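Participant: Dropping in model_17.cif, which is mmCIF, C-alpha atoms:
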data_structure
loop_
_atom_site.label_atom_id
_atom_site.label_comp_id
_atom_site.auth_asym_id
_atom_site.auth_seq_id
_atom_site.Cartn_x
_atom_site.Cartn_y
_atom_site.Cartn_z
CA MET A 1 0.00 0.00 0.00
CA GLU A 2 1.98 2.92 -1.34
CA ILE A 3 0.43 5.80 0.65
CA LEU A 4 1.12 3.91 3.87
CA LYS A 5 4.77 3.25 2.95
CA GLU A 6 5.19 6.91 2.00
CA ARG A 7 3.77 7.96 5.34
CA ILE A 8 6.09 5.59 7.22
CA ARG A 9 9.08 6.92 5.25
CA ARG A 10 8.06 10.48 6.06
CA ASP A 11 6.78 10.25 9.65
CA GLY A 12 8.04 6.91 11.01
CA VAL A 13 11.11 6.97 13.24
CA ASN A 14 13.55 4.07 13.54
CA LEU A 15 14.48 4.06 17.24
CA GLY A 16 16.94 1.17 16.87
CA ASN A 17 16.62 -2.45 18.03
CA GLY A 18 13.84 -2.97 15.51
CA ILE A 19 11.54 -0.45 17.19
CA LEU A 20 9.53 1.67 14.76
CA LYS A 21 7.87 4.77 16.21
CA VAL A 22 4.66 5.52 14.31
CA ASP A 23 2.83 7.32 17.09
CA SER A 24 2.11 10.43 15.06
CA PHE A 25 -0.31 8.58 12.75
CA ILE A 26 -0.98 4.98 13.89
CA ASN A 27 -0.78 4.31 17.60
CA HIS A 28 -1.00 7.39 19.83
CA GLN A 29 -2.14 10.05 17.44
CA VAL A 30 -4.12 8.43 14.60
CA ASP A 31 -4.83 9.83 11.13
CA PRO A 32 -8.47 8.73 10.60
CA ALA A 33 -8.41 9.23 6.81
CA LEU A 34 -5.28 7.09 6.45
CA MET A 35 -6.83 4.49 8.76
CA LEU A 36 -10.02 4.46 6.67
CA ALA A 37 -7.88 3.67 3.61
CA VAL A 38 -5.98 1.01 5.60
CA GLY A 39 -9.26 -0.58 6.70
CA GLY A 40 -10.54 -0.58 3.13
CA ALA A 41 -7.33 -2.16 1.82
CA LEU A 42 -7.33 -4.89 4.47
CA ALA A 43 -11.03 -5.59 3.87
CA ALA A 44 -10.39 -5.95 0.12
CA ARG A 45 -7.72 -8.57 0.72
CA PHE A 46 -9.96 -10.77 2.88
CA ALA A 47 -13.55 -10.14 1.69
CA HIS A 48 -13.53 -13.30 -0.48
CA LEU A 49 -13.06 -15.39 2.70
CA GLN A 50 -16.37 -14.03 4.03
CA PRO A 51 -15.36 -13.24 7.60
CA ASN A 52 -18.35 -12.37 9.78
CA LYS A 53 -16.24 -10.90 12.60
CA VAL A 54 -13.00 -8.95 12.94
CA PHE A 55 -10.97 -9.70 16.07
CA THR A 56 -8.09 -7.72 17.55
CA ALA A 57 -6.32 -6.94 20.80
CA GLU A 58 -6.57 -3.66 22.67
CA ILE A 59 -5.08 -1.08 22.38
CA SER A 60 -3.44 -0.16 19.12
CA GLY A 61 -5.22 -2.82 17.07
CA ILE A 62 -8.58 -1.15 17.66
CA ALA A 63 -8.36 1.62 15.05
CA PRO A 64 -7.35 -0.52 12.04
CA ALA A 65 -9.65 -3.38 13.10
CA LEU A 66 -12.65 -1.05 13.51
CA LEU A 67 -12.22 0.42 10.05
CA THR A 68 -11.61 -2.99 8.45
CA ALA A 69 -14.85 -4.18 10.08
CA LEU A 70 -16.66 -1.05 8.87
CA ALA A 71 -15.55 -1.80 5.30
CA LEU A 72 -16.59 -5.46 5.61
CA GLY A 73 -19.93 -4.61 7.27
CA VAL A 74 -19.30 -6.91 10.25
CA PRO A 75 -18.77 -6.37 14.02
CA VAL A 76 -15.32 -5.98 15.51
CA LEU A 77 -14.36 -7.62 18.80
CA TYR A 78 -11.35 -6.46 20.78
CA ALA A 79 -9.80 -8.72 23.38
CA ARG A 80 -9.21 -7.05 26.74
CA LYS A 81 -5.92 -7.23 28.65
CA SER A 82 -7.63 -6.91 32.01
CA LYS A 83 -11.08 -8.17 32.88
CA PRO A 84 -13.74 -5.43 33.21
CA VAL A 85 -16.47 -5.80 35.83
CA THR A 86 -18.98 -6.17 33.01
CA MET A 87 -17.21 -9.23 31.49
CA HIS A 88 -18.92 -12.63 31.36
CA PRO A 89 -17.56 -14.85 34.21
CA ASN A 90 -16.43 -17.70 31.91
CA ALA A 91 -14.04 -15.63 29.84
CA ILE A 92 -11.65 -17.19 27.33
CA VAL A 93 -8.10 -16.32 28.43
CA GLU A 94 -4.81 -16.81 26.59
CA SER A 95 -1.51 -15.11 27.27
CA ALA A 96 1.34 -13.66 25.24
CA PRO A 97 4.68 -12.12 26.10
CA SER A 98 4.60 -8.42 25.22
CA HIS A 99 7.58 -7.54 23.07
CA THR A 100 7.65 -3.84 24.00
CA LYS A 101 6.57 -4.12 27.64
CA GLY A 102 8.74 -7.02 28.77
CA LYS A 103 5.97 -8.90 30.57
CA ILE A 104 3.25 -11.46 30.02
CA THR A 105 -0.06 -9.99 28.85
CA ASP A 106 -3.42 -11.72 29.14
CA ILE A 107 -5.73 -11.75 26.13
CA ILE A 108 -9.31 -12.01 27.43
CA VAL A 109 -12.51 -12.41 25.45
CA SER A 110 -16.11 -13.12 26.33
CA PRO A 111 -17.59 -16.38 24.96
CA GLU A 112 -20.77 -14.36 24.31
CA PHE A 113 -19.14 -12.86 21.22
CA LEU A 114 -17.02 -15.66 19.76
CA GLY A 115 -18.39 -19.10 18.94
CA PRO A 116 -18.74 -21.94 16.42
CA ARG A 117 -20.73 -19.84 13.94
CA ASP A 118 -17.96 -17.27 13.55
CA ARG A 119 -15.55 -16.88 10.64
CA VAL A 120 -12.88 -14.69 12.18
CA LEU A 121 -10.41 -12.28 10.60
CA ILE A 122 -7.65 -11.18 13.00
CA ILE A 123 -6.35 -7.63 12.40
CA ASP A 124 -3.55 -5.90 14.32
CA ASP A 125 -1.42 -2.81 13.84
CA PHE A 126 1.90 -4.69 13.85
CA LEU A 127 2.97 -8.20 12.91
CA ALA A 128 6.36 -8.54 14.63
CA SER A 129 7.09 -11.67 16.68
CA GLY A 130 3.51 -12.82 16.09
CA GLN A 131 2.97 -13.75 19.72
CA THR A 132 -0.04 -11.49 20.37
CA ILE A 133 -1.66 -12.64 17.14
CA ASP A 134 -0.94 -16.27 18.03
CA ALA A 135 -2.72 -15.76 21.38
CA LEU A 136 -5.69 -14.22 19.55
CA ALA A 137 -5.77 -17.22 17.20
CA ARG A 138 -5.76 -19.58 20.20
CA CYS A 139 -8.77 -17.67 21.60
CA VAL A 140 -10.56 -18.23 18.27
CA GLN A 141 -9.73 -21.94 18.51
CA ASP A 142 -10.78 -22.12 22.19
CA ALA A 143 -14.16 -20.63 21.25
CA GLY A 144 -14.70 -23.21 18.50
CA ALA A 145 -14.74 -20.45 15.89
CA ARG A 146 -12.99 -20.65 12.53
CA LEU A 147 -9.97 -18.48 11.79
CA VAL A 148 -10.02 -17.37 8.14
CA GLY A 149 -7.19 -14.85 7.91
CA ILE A 150 -4.62 -12.67 9.61
CA GLY A 151 -3.95 -9.06 8.56
CA ALA A 152 -1.58 -6.39 9.82
CA VAL A 153 -0.94 -2.78 8.94
CA VAL A 154 2.85 -3.03 9.27
CA GLU A 155 4.95 -6.20 9.27
CA LYS A 156 8.53 -6.43 10.49
CA ILE A 157 9.32 -9.63 8.67
CA PHE A 158 12.78 -9.96 10.26
CA GLU A 159 11.14 -10.64 13.64
CA GLY A 160 9.77 -13.96 12.41
CA GLY A 161 6.05 -13.53 13.10
CA ARG A 162 4.91 -14.70 9.68
CA ALA A 163 6.89 -17.92 10.08
CA ALA A 164 5.52 -18.40 13.61
CA LEU A 165 1.93 -18.12 12.36
CA THR A 166 2.07 -20.38 9.28
CA HIS A 167 0.85 -23.34 11.36
CA TRP A 168 -2.65 -21.75 11.36
CA ASN A 169 -2.84 -22.38 7.59
CA VAL A 170 -4.63 -19.13 6.77
CA PRO A 171 -3.67 -16.23 4.48
CA ILE A 172 -1.45 -13.62 6.18
CA GLU A 173 -1.48 -10.15 4.62
CA SER A 174 0.32 -6.95 5.60
CA LEU A 175 0.03 -3.57 3.93
CA ALA A 176 3.65 -2.51 4.50
CA VAL A 177 6.34 -5.17 4.91
CA ILE A 178 9.64 -4.00 6.39
CA VAL A 179 12.61 -6.26 5.68
CA ASN A 180 15.43 -4.32 7.31
CA MET A 181 15.79 -1.65 10.01
CA ASP A 182 19.56 -1.84 10.53
CA HIS A 183 21.62 1.36 10.88
CA GLY A 184 18.60 3.67 11.01
CA LYS A 185 17.16 2.46 7.70
CA ILE A 186 13.54 1.48 6.98
CA VAL A 187 13.65 -0.87 3.97
CA PHE A 188 10.39 -2.21 2.55
CA ALA A 189 9.95 -5.48 0.65
CA GLU A 190 9.63 -5.03 -3.13
CA MET B 1 -29.84 10.06 19.28
CA GLU B 2 -32.79 7.72 18.85
CA ILE B 3 -31.03 4.72 17.20
CA LEU B 4 -28.49 4.69 20.03
CA LYS B 5 -31.17 4.78 22.74
CA GLU B 6 -33.07 2.00 20.96
CA ARG B 7 -29.91 -0.10 20.84
CA ILE B 8 -29.23 0.48 24.55
CA ARG B 9 -32.84 -0.48 25.37
CA ARG B 10 -32.49 -3.66 23.28
CA ASP B 11 -28.92 -4.80 23.99
CA GLY B 12 -27.78 -2.88 27.09
CA VAL B 13 -27.85 -4.72 30.41
CA ASN B 14 -28.36 -2.99 33.76
CA LEU B 15 -26.04 -4.92 36.10
CA GLY B 16 -27.05 -2.89 39.16
CA ASN B 17 -25.07 -0.27 41.11
CA GLY B 18 -25.27 2.02 38.09
CA ILE B 19 -23.23 -0.33 35.89
CA LEU B 20 -24.46 -0.51 32.29
CA LYS B 21 -23.13 -3.41 30.23
CA VAL B 22 -22.91 -2.37 26.58
CA ASP B 23 -20.13 -4.72 25.56
CA SER B 24 -22.05 -6.26 22.66
CA PHE B 25 -21.97 -3.01 20.64
CA ILE B 26 -19.80 -0.31 22.29
CA ASN B 27 -16.87 -1.49 24.37
CA HIS B 28 -15.80 -5.11 23.76
CA GLN B 29 -17.64 -5.99 20.61
CA VAL B 30 -18.28 -2.81 18.59
CA ASP B 31 -20.89 -2.22 15.87
CA PRO B 32 -18.90 -0.15 13.34
CA ALA B 33 -21.98 1.16 11.49
CA LEU B 34 -23.55 2.38 14.75
CA MET B 35 -20.21 3.91 15.76
CA LEU B 36 -19.95 5.69 12.39
CA ALA B 37 -23.37 7.23 13.08
CA VAL B 38 -22.29 8.11 16.64
CA GLY B 39 -19.13 9.78 15.33
CA GLY B 40 -21.12 11.74 12.77
CA ALA B 41 -23.63 12.88 15.40
CA LEU B 42 -20.91 14.00 17.83
CA ALA B 43 -19.03 15.79 15.03
CA ALA B 44 -22.22 17.65 14.05
CA ARG B 45 -22.67 18.95 17.59
CA PHE B 46 -19.15 20.38 17.81
CA ALA B 47 -18.12 21.28 14.24
CA HIS B 48 -19.01 24.98 14.76
CA LEU B 49 -16.33 25.17 17.48
CA GLN B 50 -13.70 24.22 14.87
CA PRO B 51 -11.74 21.65 16.86
CA ASN B 52 -8.51 20.65 15.11
CA LYS B 53 -7.93 17.58 17.29
CA VAL B 54 -10.06 14.95 19.04
CA PHE B 55 -8.64 13.65 22.32
CA THR B 56 -9.67 10.57 24.28
CA ALA B 57 -8.38 7.96 26.71
CA GLU B 58 -7.59 4.38 25.79
CA ILE B 59 -9.34 1.96 25.66
CA SER B 60 -13.03 2.25 25.05
CA GLY B 61 -12.92 5.91 24.02
CA ILE B 62 -10.92 5.05 20.91
CA ALA B 63 -13.75 3.83 18.67
CA PRO B 64 -16.13 6.79 19.11
CA ALA B 65 -13.27 9.31 19.13
CA LEU B 66 -11.77 7.88 15.92
CA LEU B 67 -15.06 8.11 14.05
CA THR B 68 -15.81 11.61 15.39
CA ALA B 69 -12.36 12.66 14.16
CA LEU B 70 -13.01 11.01 10.80
CA ALA B 71 -16.23 13.01 10.43
CA LEU B 72 -14.48 16.25 11.44
CA GLY B 73 -11.45 15.59 9.21
CA VAL B 74 -8.94 16.02 12.05
CA PRO B 75 -6.48 13.70 13.85
CA VAL B 76 -7.44 11.81 17.01
CA LEU B 77 -5.05 11.45 19.94
CA TYR B 78 -5.57 8.81 22.60
CA ALA B 79 -3.91 9.16 25.97
CA ARG B 80 -2.09 6.04 27.12
CA LYS B 81 -2.51 4.50 30.57
CA SER B 82 1.04 3.11 30.58
CA LYS B 83 4.04 4.63 28.87
CA PRO B 84 5.17 2.81 25.71
CA VAL B 85 8.90 2.59 24.92
CA THR B 86 8.28 4.83 21.91
CA MET B 87 6.82 7.69 24.01
CA HIS B 88 8.56 11.07 24.22
CA PRO B 89 10.49 11.33 27.55
CA ASN B 90 8.76 14.53 28.73
CA ALA B 91 5.26 13.13 28.72
CA ILE B 92 2.30 15.02 30.18
CA VAL B 93 0.86 12.89 32.98
CA GLU B 94 -2.36 13.34 34.96
CA SER B 95 -4.18 10.76 37.02
CA ALA B 96 -7.78 9.76 37.66
CA PRO B 97 -9.44 7.22 39.92
CA SER B 98 -10.99 4.49 37.75
CA HIS B 99 -14.61 3.98 38.69
CA THR B 100 -14.84 0.40 37.43
CA LYS B 101 -11.33 -0.78 38.32
CA GLY B 102 -11.03 0.65 41.85
CA LYS B 103 -7.54 2.10 41.36
CA ILE B 104 -5.75 5.23 40.20
CA THR B 105 -5.08 5.32 36.47
CA ASP B 106 -2.46 7.48 34.79
CA ILE B 107 -3.43 9.47 31.70
CA ILE B 108 -0.27 9.98 29.63
CA VAL B 109 0.18 12.02 26.47
CA SER B 110 3.15 13.12 24.41
CA PRO B 111 3.75 16.89 24.18
CA GLU B 112 4.61 16.26 20.50
CA PHE B 113 0.90 15.99 19.72
CA LEU B 114 -0.79 18.53 22.01
CA GLY B 115 0.24 22.18 22.18
CA PRO B 116 -0.80 25.84 22.11
CA ARG B 117 -2.07 25.69 18.52
CA ASP B 118 -4.62 22.99 19.30
CA ARG B 119 -8.37 23.41 19.73
CA VAL B 120 -9.29 20.17 21.44
CA LEU B 121 -12.55 18.23 21.56
CA ILE B 122 -12.58 15.50 24.22
CA ILE B 123 -14.68 12.43 23.33
CA ASP B 124 -15.26 9.38 25.52
CA ASP B 125 -17.65 6.45 25.53
CA PHE B 126 -19.12 7.21 28.96
CA LEU B 127 -19.62 10.36 30.99
CA ALA B 128 -20.19 9.04 34.52
CA SER B 129 -18.26 10.58 37.43
CA GLY B 130 -16.34 12.70 34.93
CA GLN B 131 -12.98 11.96 36.54
CA THR B 132 -11.27 10.49 33.46
CA ILE B 133 -12.53 13.36 31.32
CA ASP B 134 -11.38 15.86 33.95
CA ALA B 135 -7.87 14.32 33.81
CA LEU B 136 -7.92 14.59 29.99
CA ALA B 137 -8.96 18.25 30.29
CA ARG B 138 -6.06 18.88 32.70
CA CYS B 139 -3.69 17.35 30.10
CA VAL B 140 -5.07 19.81 27.53
CA GLN B 141 -4.47 22.65 29.98
CA ASP B 142 -0.96 21.37 30.87
CA ALA B 143 -0.09 21.37 27.16
CA GLY B 144 -1.23 24.98 26.73
CA ALA B 145 -3.92 23.83 24.28
CA ARG B 146 -7.49 25.12 24.25
CA LEU B 147 -10.36 22.86 25.26
CA VAL B 148 -13.43 23.61 23.10
CA GLY B 149 -15.89 20.86 24.03
CA ILE B 150 -16.60 17.57 25.76
CA GLY B 151 -18.69 14.82 24.15
CA ALA B 152 -19.77 11.37 25.31
CA VAL B 153 -21.71 8.54 23.74
CA VAL B 154 -23.63 7.66 26.93
CA GLU B 155 -24.08 9.84 30.00
CA LYS B 156 -25.17 8.59 33.41
CA ILE B 157 -26.25 11.98 34.70
CA PHE B 158 -26.98 10.65 38.20
CA GLU B 159 -23.23 10.09 38.75
CA GLY B 160 -22.56 13.82 38.68
CA GLY B 161 -19.95 14.05 35.91
CA ARG B 162 -21.64 16.91 34.08
CA ALA B 163 -21.70 18.99 37.26
CA ALA B 164 -18.06 18.10 37.99
CA LEU B 165 -16.98 19.32 34.53
CA THR B 166 -18.88 22.65 34.33
CA HIS B 167 -15.83 24.50 35.66
CA TRP B 168 -14.19 24.02 32.24
CA ASN B 169 -16.80 26.35 30.72
CA VAL B 170 -17.19 24.40 27.48
CA PRO B 171 -20.24 22.74 25.88
CA ILE B 172 -20.88 19.19 27.14
CA GLU B 173 -22.92 16.94 24.84
CA SER B 174 -23.99 13.32 25.18
CA LEU B 175 -25.97 11.29 22.66
CA ALA B 176 -27.92 9.23 25.22
CA VAL B 177 -28.51 10.64 28.69
CA ILE B 178 -29.60 8.15 31.35
CA VAL B 179 -31.34 9.66 34.35
CA ASN B 180 -32.20 6.55 36.34
CA MET B 181 -30.98 2.94 36.57
CA ASP B 182 -32.74 1.93 39.80
CA HIS B 183 -34.46 -1.46 40.04
CA GLY B 184 -33.16 -2.75 36.72
CA LYS B 185 -34.58 0.16 34.72
CA ILE B 186 -32.79 2.24 32.07
CA VAL B 187 -34.57 5.60 31.92
CA PHE B 188 -33.44 8.20 29.41
CA ALA B 189 -33.83 11.97 29.75
CA GLU B 190 -36.66 13.41 27.65
#
Go ahead and express the file in the form of structure tokens.
Facilitator:
Amino acid sequence: MEILKERIRRDGVNLGNGILKVDSFINHQVDPALMLAVGGALAARFAHLQPNKVFTAEISGIAPALLTALALGVPVLYARKSKPVTMHPNAIVESAPSHTKGKITDIIVSPEFLGPRDRVLIIDDFLASGQTIDALARCVQDAGARLVGIGAVVEKIFEGGRAALTHWNVPIESLAVIVNMDHGKIVFAE
Amino acid sequence: MEILKERIRRDGVNLGNGILKVDSFINHQVDPALMLAVGGALAARFAHLQPNKVFTAEISGIAPALLTALALGVPVLYARKSKPVTMHPNAIVESAPSHTKGKITDIIVSPEFLGPRDRVLIIDDFLASGQTIDALARCVQDAGARLVGIGAVVEKIFEGGRAALTHWNVPIESLAVIVNMDHGKIVFAE
């Protein structure tokens, strides 16, 4: 997706150690018009698989997942990382190590909103190590729902997430694939 | 906003003690089409004040704030509750007691994205005690930005938030105002 890559080149900051700062337009401040285009592009790549639900993890997955769901005309469900008082008592819980926070994070979802009738598209802002997305996919499995695809806005392919997720046997699509961030560079796949 | 009130009547659950469960369409699972309408309605109420930024708190404020910002054609900024590794070192930090979590929550925002040139519209999913929104408004003040309005999707007026926020001297608008939740009821203002 060329406008996304251009925006990353212009406003993304390579902080070193594979950390890409995109908080001026993706995950602190968000550009809604860019995100609408992102949601439309992700929806177009997965519409043929007929997902009836988009699933993501709070926090920074919410914006792209919401606009992908809007484009597909289906609900979006975001897993919580702590259990609200309003949550169903028999929640589905998986856990994932958080790459940027250095701790284990719970991924919690109510069985009211994920079940055997669901065809689920997972959307997140980043595909890096793939561990958060793998935990989301395990929640889909726990619920007896069917995973149909995995989409990300930005993929850091050198962190191995795509390889770690191939065992789910579903299409994996990212709108901007970064192959190298050494020495301050941001190099996209051809 | 009649379609919102109808949805709350149909799918909202009064859990007692003033707790309204709306996690099938607002804050766990989200109905993107309803949220698009919510964002459009909030934008219409504040457009004349010419906000150039929408500001909210993660997590459940993100969806309505994003779609309000989309309708206004301005960026949305969501305050973090923990500081990501990518955050600017001189963050603006305020704190608020969380009504539903029983602890103090930090509200953290980067000074890169909030400053004296900004006319800020605060949007959140709920206006209840008003304490989270008050902390957001203090961040706006700390940054030297100008607060122009406060909008919420659902207001529980009996929790006093509107009264607690009048000292900011800006318009406060909610799309569904609940006046009474006693005995399992959900009673909207006329």
Participant: Might you pull out every residue within 10 Å of segment 172-184 of chain A, with only C-alpha atoms counted and same-chain residues fewer than 3 positions away left off, and present them as a PyMOL selection string?
Facilitator: chain A and resi 1-6+8+13-20+38+41-42+45-46+122-128+148-159+162+165-166+168-169+187-190
Participant: Mind telling me what the PyMOL selection byres ((chain A) within 9 of (chain B)) catches here, as a VMD selection string?
Facilitator: chain A and resid 15 19 to 25 27 to 33 36 55 58 to 59 62 to 63 66 to 67 69 to 71 73 to 80 84 to 87 100 to 101 109 to 110 112 to 113
Participant: Could you jot down the atom CA of Lys103 of chain B to atom CA of Gln131 of chain A separation for me, Å, one decimal place?
Facilitator: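 According to the coordinates, atom CA of Lys103 of chain B and atom CA of Gln131 of chain A are separated by 28.8 Å.
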Participant: So what do you get for atom CA of Ala91 of chain B versus atom CA of Asp118 of chain B, distance-wise?
Facilitator: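 Computing the Euclidean distance for atom CA of Ala91 of chain B and atom CA of Asp118 of chain B yields 16.8 Å.
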Participant: Find the residue from B:Gly144, B:Asn90, B:Ala57, B:Ile186 that sits nearest to Thr105 of chain B; use all atoms listed in the file when measuring.
Facilitator: B:Ala57
Participant: Measure the distance from atom CA of Gln141 of chain A to atom CA of Gly115 of chain A in Å and round it to one decimal.
Facilitator: 9.1 Å
